[in-house]
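Colleague: So here's model_8.txt, just compact mmCIF, C-alpha atoms and all ligand atoms:
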# COMPACT_ATOMS: atom_id res chain seq x y z
CA MET A 1 7.75 23.00 -10.51
CA LYS A 2 5.68 24.47 -7.71
CA GLN A 3 7.25 23.82 -4.31
CA VAL A 4 4.96 22.20 -1.72
CA LYS A 5 6.00 22.05 1.92
CA VAL A 6 5.53 18.56 3.32
CA GLY A 7 5.58 17.11 6.82
CA ILE A 8 5.99 13.51 7.97
CA ILE A 9 4.32 12.14 11.09
CA GLY A 10 5.99 8.85 12.01
CA GLY A 11 9.60 8.91 10.86
CA GLY A 12 10.29 5.14 11.10
CA LEU A 13 10.78 2.69 8.24
CA MET A 14 8.35 4.34 5.81
CA GLY A 15 8.93 7.93 6.95
CA LYS A 16 12.59 7.56 5.97
CA GLU A 17 11.65 5.97 2.65
CA ALA A 18 9.46 9.00 1.87
CA ALA A 19 12.19 11.45 2.95
CA SER A 20 14.64 9.74 0.62
CA ALA A 21 12.23 9.98 -2.32
CA PHE A 22 11.55 13.70 -1.68
CA ALA A 23 15.33 14.28 -1.60
CA ARG A 24 15.87 12.97 -5.13
CA TRP A 25 12.80 14.52 -6.75
CA PHE A 26 15.00 15.85 -9.60
CA VAL A 27 14.97 12.29 -10.95
CA LEU A 28 11.42 12.95 -12.25
CA ASN A 29 11.21 14.57 -15.68
CA ASP A 30 7.86 16.31 -15.62
CA SER A 31 6.40 16.53 -12.12
CA PRO A 32 4.26 19.66 -11.76
CA ALA A 33 5.04 19.97 -8.04
CA GLN A 34 8.10 19.52 -5.87
CA PRO A 35 7.56 18.33 -2.30
CA VAL A 36 9.99 19.92 0.13
CA LEU A 37 10.29 18.12 3.46
CA THR A 38 10.29 20.80 6.17
CA ALA A 39 8.92 19.07 9.28
CA VAL A 40 9.02 15.64 10.91
CA ALA A 41 7.24 14.48 14.07
CA ASP A 42 8.15 11.28 15.87
CA LEU A 43 8.04 10.24 19.52
CA SER A 44 11.62 8.98 19.33
CA GLU A 45 14.50 11.48 19.60
CA ASP A 46 16.73 8.87 17.95
CA VAL A 47 14.46 8.74 14.91
CA LEU A 48 14.35 12.55 14.75
CA LYS A 49 18.15 12.68 14.88
CA TRP A 50 18.31 10.75 11.59
CA TYR A 51 16.42 13.59 9.85
CA LYS A 52 19.14 16.14 10.71
CA ARG A 53 20.79 15.03 7.45
CA VAL A 54 17.87 16.55 5.48
CA SER A 55 18.90 20.12 4.67
CA THR A 56 15.38 21.45 4.08
CA ILE A 57 14.09 20.50 7.56
CA GLU A 58 12.90 23.44 9.67
CA LEU A 59 11.12 21.54 12.46
CA LEU A 60 11.84 18.26 14.26
CA THR A 61 9.36 17.60 17.03
CA THR A 62 8.03 14.87 19.32
CA ASP A 63 4.59 16.56 19.25
CA TYR A 64 2.79 16.10 15.94
CA HIS A 65 0.41 18.97 16.84
CA ALA A 66 3.42 21.32 16.48
CA LEU A 67 3.95 19.98 12.94
CA LEU A 68 0.27 20.54 12.16
CA ALA A 69 0.60 24.15 13.40
CA SER A 70 3.47 24.74 10.91
CA ASP A 71 3.02 25.88 7.29
CA VAL A 72 3.23 22.41 5.70
CA GLU A 73 0.52 21.84 3.07
CA VAL A 74 0.72 18.05 2.86
CA VAL A 75 1.31 15.47 5.58
CA TYR A 76 2.45 11.88 5.06
CA VAL A 77 1.51 9.80 8.10
CA ALA A 78 3.28 6.48 8.77
CA VAL A 79 2.45 5.40 12.32
CA PRO A 80 1.09 2.18 13.91
CA HIS A 81 -2.48 1.33 12.90
CA ASN A 82 -4.06 2.09 16.30
CA LEU A 83 -3.06 5.77 15.79
CA HIS A 84 -4.32 6.19 12.22
CA GLN A 85 -7.82 7.47 13.00
CA GLN A 86 -6.84 10.12 15.55
CA ILE A 87 -3.84 11.44 13.63
CA TYR A 88 -5.52 11.38 10.19
CA LEU A 89 -8.52 13.26 11.61
CA ASP A 90 -6.18 15.80 13.25
CA VAL A 91 -4.36 16.31 9.94
CA LEU A 92 -7.67 17.00 8.20
CA ALA A 93 -8.87 19.29 11.02
CA ALA A 94 -5.64 21.29 10.62
CA GLY A 95 -6.56 21.90 6.95
CA LYS A 96 -3.70 19.86 5.48
CA ASP A 97 -3.83 17.39 2.60
CA LEU A 98 -3.09 13.81 3.60
CA LEU A 99 -1.14 10.90 2.20
CA ALA A 100 -2.22 8.18 4.58
CA GLU A 101 -0.53 4.87 5.10
CA LYS A 102 -2.52 1.70 4.74
CA PRO A 103 -4.61 0.13 6.09
CA PHE A 104 -6.26 3.57 6.60
CA GLY A 105 -7.47 2.91 10.16
CA ILE A 106 -7.21 -0.08 12.45
CA ASP A 107 -10.60 -1.48 11.37
CA ALA A 108 -13.62 -0.80 9.17
CA ASP A 109 -15.19 1.67 11.66
CA ALA A 110 -11.99 3.72 11.78
CA ALA A 111 -11.67 3.66 7.97
CA ASN A 112 -15.27 4.84 7.58
CA ALA A 113 -14.74 7.67 10.07
CA ILE A 114 -11.61 8.82 8.19
CA TYR A 115 -13.42 8.53 4.84
CA THR A 116 -16.35 10.63 6.09
CA ALA A 117 -14.04 13.32 7.47
CA ALA A 118 -11.97 13.35 4.27
CA GLU A 119 -15.07 13.76 2.07
CA ALA A 120 -16.46 16.53 4.30
CA SER A 121 -13.13 18.39 4.33
CA GLY A 122 -12.70 18.56 0.56
CA GLN A 123 -8.97 18.11 1.14
CA PHE A 124 -6.88 15.84 -1.06
CA VAL A 125 -6.53 12.43 0.60
CA ARG A 126 -5.02 9.24 -0.79
CA CYS A 127 -3.78 5.96 0.65
CA SER A 128 -0.37 4.39 0.11
CA SER A 129 0.02 1.33 -2.16
CA GLU A 130 3.10 1.56 -4.34
CA PHE A 131 3.54 -1.75 -6.19
CA PRO A 132 1.03 -0.99 -9.00
CA PHE A 133 3.40 1.80 -10.08
CA LEU A 134 6.00 -0.76 -11.21
CA PRO A 135 6.34 -1.08 -15.00
CA GLY A 136 5.47 -4.80 -14.81
CA VAL A 137 2.20 -4.12 -13.03
CA GLN A 138 1.33 -1.33 -15.45
CA ARG A 139 1.83 -3.78 -18.33
CA VAL A 140 -0.35 -6.39 -16.61
CA ILE A 141 -3.11 -3.78 -16.29
CA GLN A 142 -2.72 -2.81 -19.98
CA GLU A 143 -2.95 -6.45 -21.10
CA ILE A 144 -6.10 -7.00 -19.03
CA LYS A 145 -7.76 -3.83 -20.32
CA SER A 146 -6.86 -4.71 -23.93
CA GLY A 147 -9.42 -7.55 -23.87
CA LYS A 148 -6.79 -9.89 -25.39
CA LEU A 149 -7.19 -12.36 -22.51
CA GLY A 150 -10.60 -13.56 -23.69
CA THR A 151 -13.03 -14.83 -21.07
CA LEU A 152 -11.34 -14.55 -17.68
CA LEU A 153 -10.76 -17.85 -15.88
CA GLU A 154 -9.04 -16.87 -12.65
CA ILE A 155 -7.21 -14.10 -10.79
CA LYS A 156 -4.50 -14.46 -8.16
CA SER A 157 -3.21 -11.40 -6.35
CA GLY A 158 -1.00 -11.43 -3.30
CA PHE A 159 1.87 -10.29 -1.16
CA HIS A 160 4.18 -12.72 0.66
CA HIS A 161 6.77 -12.23 3.40
CA SER A 162 8.85 -14.87 5.16
CA SER A 163 10.89 -13.26 7.96
CA ASP A 164 8.27 -14.28 10.57
CA LEU A 165 9.21 -17.90 9.95
CA ASP A 166 12.15 -17.19 12.26
CA PRO A 167 10.70 -17.88 15.75
CA THR A 168 13.55 -15.87 17.33
CA LYS A 169 12.43 -12.67 15.56
CA ALA A 170 11.42 -10.24 18.31
CA ILE A 171 7.83 -9.04 18.68
CA ASN A 172 6.92 -5.62 17.29
CA TRP A 173 3.67 -3.64 17.04
CA LYS A 174 2.71 -5.30 13.71
CA ARG A 175 2.32 -8.65 15.52
CA GLN A 176 -0.02 -7.37 18.27
CA VAL A 177 -3.76 -6.90 17.81
CA LYS A 178 -3.95 -3.80 20.00
CA PHE A 179 -1.58 -1.91 17.65
CA CYS A 180 -2.03 -3.70 14.30
CA GLY A 181 -5.73 -4.61 14.53
CA GLN A 182 -7.88 -7.77 14.49
CA ILE A 183 -7.28 -8.06 10.74
CA GLY A 184 -3.56 -8.77 11.39
CA VAL A 185 -1.63 -9.54 8.21
CA MET A 186 -4.50 -8.24 6.05
CA GLY A 187 -3.99 -4.80 7.62
CA ASP A 188 -0.29 -4.97 6.87
CA LEU A 189 -0.37 -6.37 3.34
CA GLY A 190 -4.01 -6.52 2.21
CA MET A 191 -4.31 -3.10 0.54
CA HIS A 192 -1.34 -4.06 -1.63
CA ALA A 193 -3.18 -7.16 -2.88
CA ALA A 194 -6.57 -5.45 -3.33
CA HIS A 195 -5.55 -2.16 -5.01
CA VAL A 196 -5.26 -3.37 -8.62
CA PRO A 197 -8.32 -5.68 -8.52
CA PHE A 198 -10.42 -2.84 -7.08
CA ARG A 199 -9.07 -0.39 -9.67
CA LEU A 200 -10.15 -2.84 -12.38
CA GLY A 201 -13.62 -2.90 -10.84
CA TRP A 202 -13.25 -6.39 -9.37
CA TYR A 203 -15.12 -6.18 -6.06
CA PRO A 204 -15.84 -9.65 -4.58
CA ASP A 205 -19.45 -10.87 -4.33
CA THR A 206 -18.43 -13.50 -1.78
CA VAL A 207 -15.43 -14.39 0.37
CA TYR A 208 -14.37 -17.59 2.10
CA ALA A 209 -11.29 -16.90 4.23
CA GLN A 210 -8.62 -19.19 5.61
CA LEU A 211 -6.70 -17.30 8.29
CA GLN A 212 -3.79 -18.83 10.18
CA LYS A 213 -2.02 -17.94 13.42
CA ILE A 214 1.20 -19.91 13.58
CA TYR A 215 3.49 -18.67 16.39
CA THR A 216 1.51 -17.48 19.42
CA GLU A 217 4.43 -15.84 21.19
CA ARG A 218 7.75 -14.23 20.31
CA PRO A 219 10.78 -12.93 22.19
CA ASP A 220 9.97 -9.55 23.71
CA GLY A 221 13.51 -8.28 23.19
CA LYS A 222 14.05 -8.02 26.95
CA GLY A 223 14.79 -11.67 27.71
CA GLY A 224 11.15 -12.78 28.02
CA MET A 225 8.36 -13.76 25.67
CA ALA A 226 5.36 -11.70 24.50
CA ALA A 227 2.00 -12.78 23.08
CA CYS A 228 1.90 -12.66 19.27
CA ASP A 229 -1.83 -12.57 18.62
CA THR A 230 -2.31 -11.36 15.04
CA TRP A 231 -3.24 -13.48 12.01
CA ASP A 232 -0.04 -14.47 10.22
CA ASN A 233 -1.41 -15.70 6.91
CA ALA A 234 -4.66 -14.95 5.10
CA VAL A 235 -5.98 -16.61 1.95
CA LEU A 236 -9.21 -15.06 0.72
CA HIS A 237 -11.09 -17.19 -1.80
CA THR A 238 -13.42 -14.73 -3.44
CA ALA A 239 -15.79 -14.68 -6.41
CA VAL A 240 -16.05 -11.61 -8.59
CA THR A 241 -18.47 -10.94 -11.43
CA ILE A 242 -16.71 -10.01 -14.69
CA ASP A 243 -18.73 -9.62 -17.91
CA GLY A 244 -21.67 -11.36 -16.25
CA ARG A 245 -19.67 -14.43 -15.17
CA SER A 246 -18.47 -15.40 -11.73
CA VAL A 247 -14.66 -15.63 -11.68
CA PRO A 248 -12.57 -17.04 -8.80
CA MET A 249 -10.18 -14.45 -7.38
CA THR A 250 -7.70 -15.40 -4.66
CA LEU A 251 -6.14 -12.67 -2.54
CA GLU A 252 -3.22 -13.93 -0.46
CA THR A 253 -1.33 -12.07 2.23
CA LYS A 254 1.26 -14.02 4.19
CA ARG A 255 3.97 -13.29 6.73
CA MET A 256 4.99 -16.92 6.66
CA ALA A 257 5.58 -17.83 3.02
CA PRO A 258 8.81 -19.82 2.84
CA THR A 259 11.53 -18.15 0.71
CA GLU A 260 9.54 -14.97 -0.06
CA THR A 261 11.27 -11.88 1.33
CA ASN A 262 8.86 -9.29 -0.09
CA THR A 263 7.02 -10.77 -3.05
CA TRP A 264 4.08 -8.91 -4.60
CA PHE A 265 2.40 -10.79 -7.45
CA LEU A 266 -0.57 -10.74 -9.78
CA GLU A 267 -1.64 -13.37 -12.28
CA VAL A 268 -4.70 -13.18 -14.50
CA LEU A 269 -5.60 -16.03 -16.85
CA GLY A 270 -8.15 -16.07 -19.63
CA THR A 271 -9.23 -18.35 -22.43
CA GLU A 272 -7.17 -16.47 -25.06
CA GLY A 273 -4.22 -15.26 -23.01
CA GLY A 274 -2.86 -14.47 -19.60
CA VAL A 275 -0.43 -12.23 -17.74
CA ARG A 276 1.78 -12.72 -14.74
CA PHE A 277 4.10 -10.40 -12.80
CA SER A 278 6.00 -10.89 -9.57
CA THR A 279 8.53 -8.68 -7.79
CA LYS A 280 10.66 -11.84 -7.58
CA GLU A 281 11.60 -10.98 -11.17
CA PRO A 282 11.08 -7.21 -11.09
CA LYS A 283 11.83 -6.48 -14.75
CA THR A 284 10.05 -9.47 -16.25
CA LEU A 285 6.58 -9.67 -17.72
CA TYR A 286 5.10 -13.07 -18.50
CA VAL A 287 2.43 -13.22 -21.16
CA TYR A 288 0.62 -16.48 -21.80
CA LYS A 289 -0.16 -17.33 -25.41
CA ARG A 290 -2.54 -20.01 -26.57
CA GLU A 291 -1.70 -21.06 -30.09
CA LYS A 292 -1.29 -24.60 -31.40
CA GLU A 293 0.94 -25.04 -28.40
CA GLN A 294 0.65 -23.03 -25.20
CA TYR A 295 3.55 -21.11 -23.69
CA TRP A 296 4.64 -18.29 -21.40
CA GLN A 297 6.47 -15.52 -23.24
CA LYS A 298 9.01 -13.66 -21.08
CA THR A 299 9.85 -9.98 -21.74
CA ASP A 300 12.49 -7.74 -20.10
CA LEU A 301 10.71 -4.47 -19.40
CA GLY A 302 13.34 -1.96 -18.28
CA PHE A 303 12.50 1.33 -16.59
CA ALA A 304 9.16 2.20 -18.21
CA THR A 305 7.65 3.83 -15.13
CA PRO A 306 4.33 5.71 -15.38
CA TYR A 307 6.04 8.96 -14.27
CA PRO A 308 9.10 9.38 -16.56
CA THR A 309 12.55 9.80 -15.01
CA ILE A 310 16.12 10.50 -16.02
CA THR A 311 16.97 6.81 -15.50
CA GLY A 312 17.96 4.94 -18.66
CA GLY A 313 15.18 2.90 -20.20
CA ILE A 314 17.11 -0.39 -20.02
CA PHE A 315 17.70 -0.29 -16.24
CA GLU A 316 15.88 -2.22 -13.52
CA VAL A 317 13.32 -0.92 -11.02
CA GLY A 318 13.19 -1.59 -7.28
CA PHE A 319 11.21 -0.80 -4.13
CA PRO A 320 12.47 2.81 -3.71
CA ASP A 321 11.52 3.47 -7.35
CA CYS A 322 7.93 2.33 -7.05
CA PHE A 323 7.52 4.19 -3.76
CA MET A 324 8.79 7.35 -5.45
CA GLN A 325 6.50 6.77 -8.44
CA MET A 326 3.56 6.55 -6.05
CA LEU A 327 4.57 9.86 -4.49
CA ALA A 328 4.89 11.35 -7.98
CA GLY A 329 1.35 10.11 -8.62
CA TYR A 330 0.09 11.69 -5.41
CA PHE A 331 1.62 15.11 -6.15
CA GLU A 332 0.60 15.15 -9.81
CA GLU A 333 -2.99 14.16 -9.06
CA ARG A 334 -3.17 16.67 -6.19
CA HIS A 335 -1.89 19.42 -8.50
CA LEU A 336 -4.42 18.56 -11.21
CA VAL A 337 -7.38 18.25 -8.82
CA LYS A 338 -6.54 21.47 -6.97
CA ASN A 339 -6.25 23.40 -10.23
CA GLY A 340 -9.38 21.92 -11.80
CA LEU A 341 -7.29 20.28 -14.55
CA PRO A 342 -8.16 17.01 -16.31
CA SER A 343 -6.56 13.74 -15.27
CA SER A 344 -3.23 12.86 -16.91
CA GLY A 345 -4.54 9.33 -17.46
CA ARG A 346 -1.62 7.91 -15.50
CA PHE A 347 -2.05 5.43 -12.66
CA THR A 348 -2.97 7.05 -9.33
CA CYS A 349 -2.82 6.25 -5.62
CA ALA A 350 -5.46 4.21 -3.80
CA THR A 351 -8.46 6.36 -2.93
CA PRO A 352 -10.18 6.60 0.46
CA ALA A 353 -13.11 4.68 -1.09
CA GLU A 354 -10.76 1.85 -2.15
CA ALA A 355 -9.24 1.77 1.34
CA VAL A 356 -12.71 1.56 2.90
CA ALA A 357 -13.60 -1.24 0.46
CA SER A 358 -10.50 -3.18 1.51
CA HIS A 359 -11.62 -2.94 5.15
CA LYS A 360 -15.09 -4.15 4.21
CA LEU A 361 -13.51 -7.20 2.56
CA PHE A 362 -11.19 -7.87 5.53
CA ALA A 363 -14.11 -7.59 8.00
CA ALA A 364 -16.03 -10.12 5.90
CA ALA A 365 -12.96 -12.37 5.91
CA LEU A 366 -12.88 -12.28 9.73
CA GLN A 367 -16.60 -13.10 9.75
CA SER A 368 -16.02 -15.99 7.34
CA THR A 369 -13.30 -17.46 9.55
CA GLU A 370 -15.43 -17.13 12.69
CA SER A 371 -18.46 -18.77 11.07
CA GLY A 372 -16.62 -21.16 8.76
CA THR A 373 -18.92 -20.06 5.96
CA VAL A 374 -18.88 -18.10 2.72
CA VAL A 375 -19.82 -14.45 3.39
CA GLY A 376 -21.65 -12.30 0.81
CA LEU A 377 -20.65 -8.70 0.08
CA GLU A 378 -22.66 -5.85 -1.44
CA TRP A 379 -21.00 -2.76 -2.92
N1 LIG A 401 3.56 1.14 1.90
C1 LIG A 401 4.34 0.20 2.38
O1 LIG A 401 4.98 -0.56 1.63
C2 LIG A 401 4.50 0.05 3.85
C3 LIG A 401 5.55 -0.73 4.37
C4 LIG A 401 5.66 -0.82 5.77
C5 LIG A 401 4.74 -0.18 6.58
N2 LIG A 401 3.72 0.54 6.03
C6 LIG A 401 2.71 1.24 6.86
O2 LIG A 401 3.34 2.43 7.35
C7 LIG A 401 2.88 2.70 8.67
C8 LIG A 401 4.10 2.74 9.59
O3 LIG A 401 4.83 1.54 9.46
P1 LIG A 401 6.41 1.52 9.64
O4 LIG A 401 6.86 0.18 9.15
O5 LIG A 401 7.02 2.75 9.07
O6 LIG A 401 6.49 1.54 11.24
P2 LIG A 401 7.71 1.94 12.17
O7 LIG A 401 7.43 1.29 13.48
O8 LIG A 401 9.02 1.71 11.49
O9 LIG A 401 7.54 3.52 12.31
C9 LIG A 401 6.47 4.10 12.99
C10 LIG A 401 6.99 5.38 13.64
O10 LIG A 401 5.87 6.05 14.21
C11 LIG A 401 6.37 6.69 15.38
N3 LIG A 401 5.24 7.08 16.22
C12 LIG A 401 4.48 6.31 17.04
N4 LIG A 401 3.57 7.06 17.66
C13 LIG A 401 3.73 8.33 17.23
C14 LIG A 401 3.10 9.58 17.52
N5 LIG A 401 2.08 9.66 18.39
N6 LIG A 401 3.55 10.69 16.92
C15 LIG A 401 4.59 10.63 16.04
N7 LIG A 401 5.23 9.49 15.74
C16 LIG A 401 4.81 8.36 16.33
C17 LIG A 401 7.29 5.65 16.00
O11 LIG A 401 8.17 6.23 16.93
C18 LIG A 401 7.99 5.10 14.77
O12 LIG A 401 9.20 5.75 14.50
C19 LIG A 401 1.86 1.61 8.99
O13 LIG A 401 0.58 2.08 8.68
C20 LIG A 401 2.25 0.46 8.09
O14 LIG A 401 1.17 -0.39 7.77
C21 LIG A 401 3.61 0.67 4.69
Would it be possible to restate this file's structure as structure tokens?

Modeller:
Amino acid sequence: MKQVKVGIIGGGLMGKEAASAFARWFVLNDSPAQPVLTAVADLSEDVLKWYKRVSTIELLTTDYHALLASDVEVVYVAVPHNLHQQIYLDVLAAGKDLLAEKPFGIDADAANAIYTAAEASGQFVRCSSEFPFLPGVQRVIQEIKSGKLGTLLEIKSGFHHSSDLDPTKAINWKRQVKFCGQIGVMGDLGMHAAHVPFRLGWYPDTVYAQLQKIYTERPDGKGGMAACDTWDNAVLHTAVTIDGRSVPMTLETKRMAPTETNTWFLEVLGTEGGVRFSTKEPKTLYVYKREKEQYWQKTDLGFATPYPTITGGIFEVGFPDCFMQMLAGYFEERHLVKNGLPSSGRFTCATPAEAVASHKLFAAALQSTESGTVVGLEW
């Protein structure tokens, strides 16, 4: 395994998740590269203190430019959305490869600017979206590609949270337009819902969006209240052309979905069969069969991840596993691309083009809500 020095800019929730995955890289059986976390930049000294437990760290800094001046080859950036454009462009200008967090810029203009710079740089850039790396999602993709579903009838893809239903939950940057963006919940969760449909070539021809803002203020954590001005829930009713037919595809992202703590799901139904997976039942694949009677067949999947690990095949997967699988995908693909080697055929991270496409869809969704009409999209 070739060692690759990695830096993290933004050491919060996701920075720590990445650090933990790098620290147990030996779990992977055949990764061609081993990321070694040597530098972390975060504005908070408290956050930086947490990283003192990582033995490979050489640099902890509050100035991300110092990290970019170090000898890291790859940078994972996990900062609020208003900072994506500047920091991603700085990473590219410093000659480093980038694993960007979604939504890849605060809006479509930012995403396009990052895309243009990434293409011009020739550096390896991908965008985070980990759920498709779960065995259940891989099986859903296989079933769809097999053609066994017949003529497709409908597609439902989504990601639901519920903690915002608590009105006493304090405000944070994800609930404020100036940090999270006009697209609100779509910026937080939308790439997760769009990644697999886009990878299957399902780009909507039209979108009619229903966006909801429920609570307009939240406790500010200092005894007062603060404006909570982002969209909470977004249901995008889209139409996508598959095999010459228009198929309804619903993309749902919600922060207020009762009972759903962190539920990613995808359901695709056809005339001959169907598939359904949800992280609510992380090891279970549902396959719809149409025989004399119709029924859902339920299969326990085990640990059949796209990037093989030491973990026993009968065990269950979870969030840290799919996040690590995504990182394995990033480092394998980077290794293959950099060495001019053919693709392994395994599932790979969202591309800058897919991230830009998600922004185009979210911008059209905003337009649809403003106008109350169906908005057309061209790709
Ligand atoms: N892939 C996923 O499942 C997933 C989940 C949550 C969040 N995210 C994405 O990850 C990114 C970060 O989200 P989070 O939940 O980790 O946020 P967070 O608030 O937990 O962490 C962000 C960190 O960035 C730091 N920061 C802010 N400005 C900085 C600067 N100029 N230089 C260095 N550090 C700075 C903050 O101090 C904070 O520690 C966002 O783009 C978000 O959409 C992805």

Colleague: Would you mind listing the residues within 9 Å of ligand LIG 401 (chain A), counting all atoms listed in the file, as a ChimeraX atom specification?

Modeller: /A:8-17,40-48,61-65,77-84,87,100-106,127-131,172-174,180,187-189,192,319,323

Colleague: Quick check, in Å to one decimal: how far apart do atom CA of Gly270 of chain A and atom CA of Pro135 of chain A lie?

Modeller: 21.4 Å

Colleague: Compare A:Ala118, A:Ala111, A:Ala33, A:Val337 by their minimum atom-to-atom distance to Gly95 of chain A, counting only C-alpha atoms, and give me the closest one.

Modeller: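 Nearest to Gly95 of chain A: A:Ala118.
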
Colleague: List as JSON lines every residue of segment 238-273 of chain A that is in contact with segment 356-361 of chain A, defined as an atom at most 12 Å from one of its atoms (using all atoms listed in the file), together with the nearest atom pair and the distance in Å rounded to one decimal, sorted by chain and then rising number.

Modeller:
{"residue": "A:Thr238", "atom": "CA", "partner": "A:Leu361", "partner_atom": "CA", "distance": 9.6}
{"residue": "A:Ala239", "atom": "CA", "partner": "A:Leu361", "partner_atom": "CA", "distance": 11.9}
{"residue": "A:Leu251", "atom": "CA", "partner": "A:Leu361", "partner_atom": "CA", "distance": 10.5}

Colleague: So that I can see what lies close to Cys322 of chain A, please list as a list in words the residues with an atom at most 8 Å from it, counting only C-alpha atoms and leaving out residues fewer than 3 positions away in the same chain.

Modeller: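 Surrounding residues, per the criterion: Glu130, Phe131, Pro132, Phe133, Leu134, Val317, Gly318, Phe319, Gln325 and Met326 of chain A.
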
Colleague: With C-alpha atoms retained, export the selected residues as an mmCIF file, keeping the file's coordinate frame.

Modeller:
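Printed below is again04.cif as written:
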data_model
loop_
_atom_site.group_PDB
_atom_site.id
_atom_site.type_symbol
_atom_site.label_atom_id
_atom_site.label_comp_id
_atom_site.auth_asym_id
_atom_site.auth_seq_id
_atom_site.Cartn_x
_atom_site.Cartn_y
_atom_site.Cartn_z
ATOM 1 C CA GLU A 130 3.100 1.560 -4.340
ATOM 2 C CA PHE A 131 3.540 -1.750 -6.190
ATOM 3 C CA PRO A 132 1.030 -0.990 -9.000
ATOM 4 C CA PHE A 133 3.400 1.800 -10.080
ATOM 5 C CA LEU A 134 6.000 -0.760 -11.210
ATOM 6 C CA VAL A 317 13.320 -0.920 -11.020
ATOM 7 C CA GLY A 318 13.190 -1.590 -7.280
ATOM 8 C CA PHE A 319 11.210 -0.800 -4.130
ATOM 9 C CA GLN A 325 6.500 6.770 -8.440
ATOM 10 C CA MET A 326 3.560 6.550 -6.050
#

Colleague: Skipping near chain neighbours, those fewer than 3 positions away, what residues fall within 7 Å of Glu73 of chain A using all atoms listed in the file, listed as a list of chain:residue names?

Modeller: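 My reading of the contact set: A:Val4, A:Lys5, A:Val6, A:Lys96, A:Asp97.
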
Colleague: Using C-alpha atoms, can you export the residues from the last selection as a compact mmCIF listing (two decimals), keeping the file's coordinate frame?

Modeller:
# COMPACT_ATOMS: atom_id res chain seq x y z
CA VAL A 4 4.96 22.20 -1.72
CA LYS A 5 6.00 22.05 1.92
CA VAL A 6 5.53 18.56 3.32
CA LYS A 96 -3.70 19.86 5.48
CA ASP A 97 -3.83 17.39 2.60
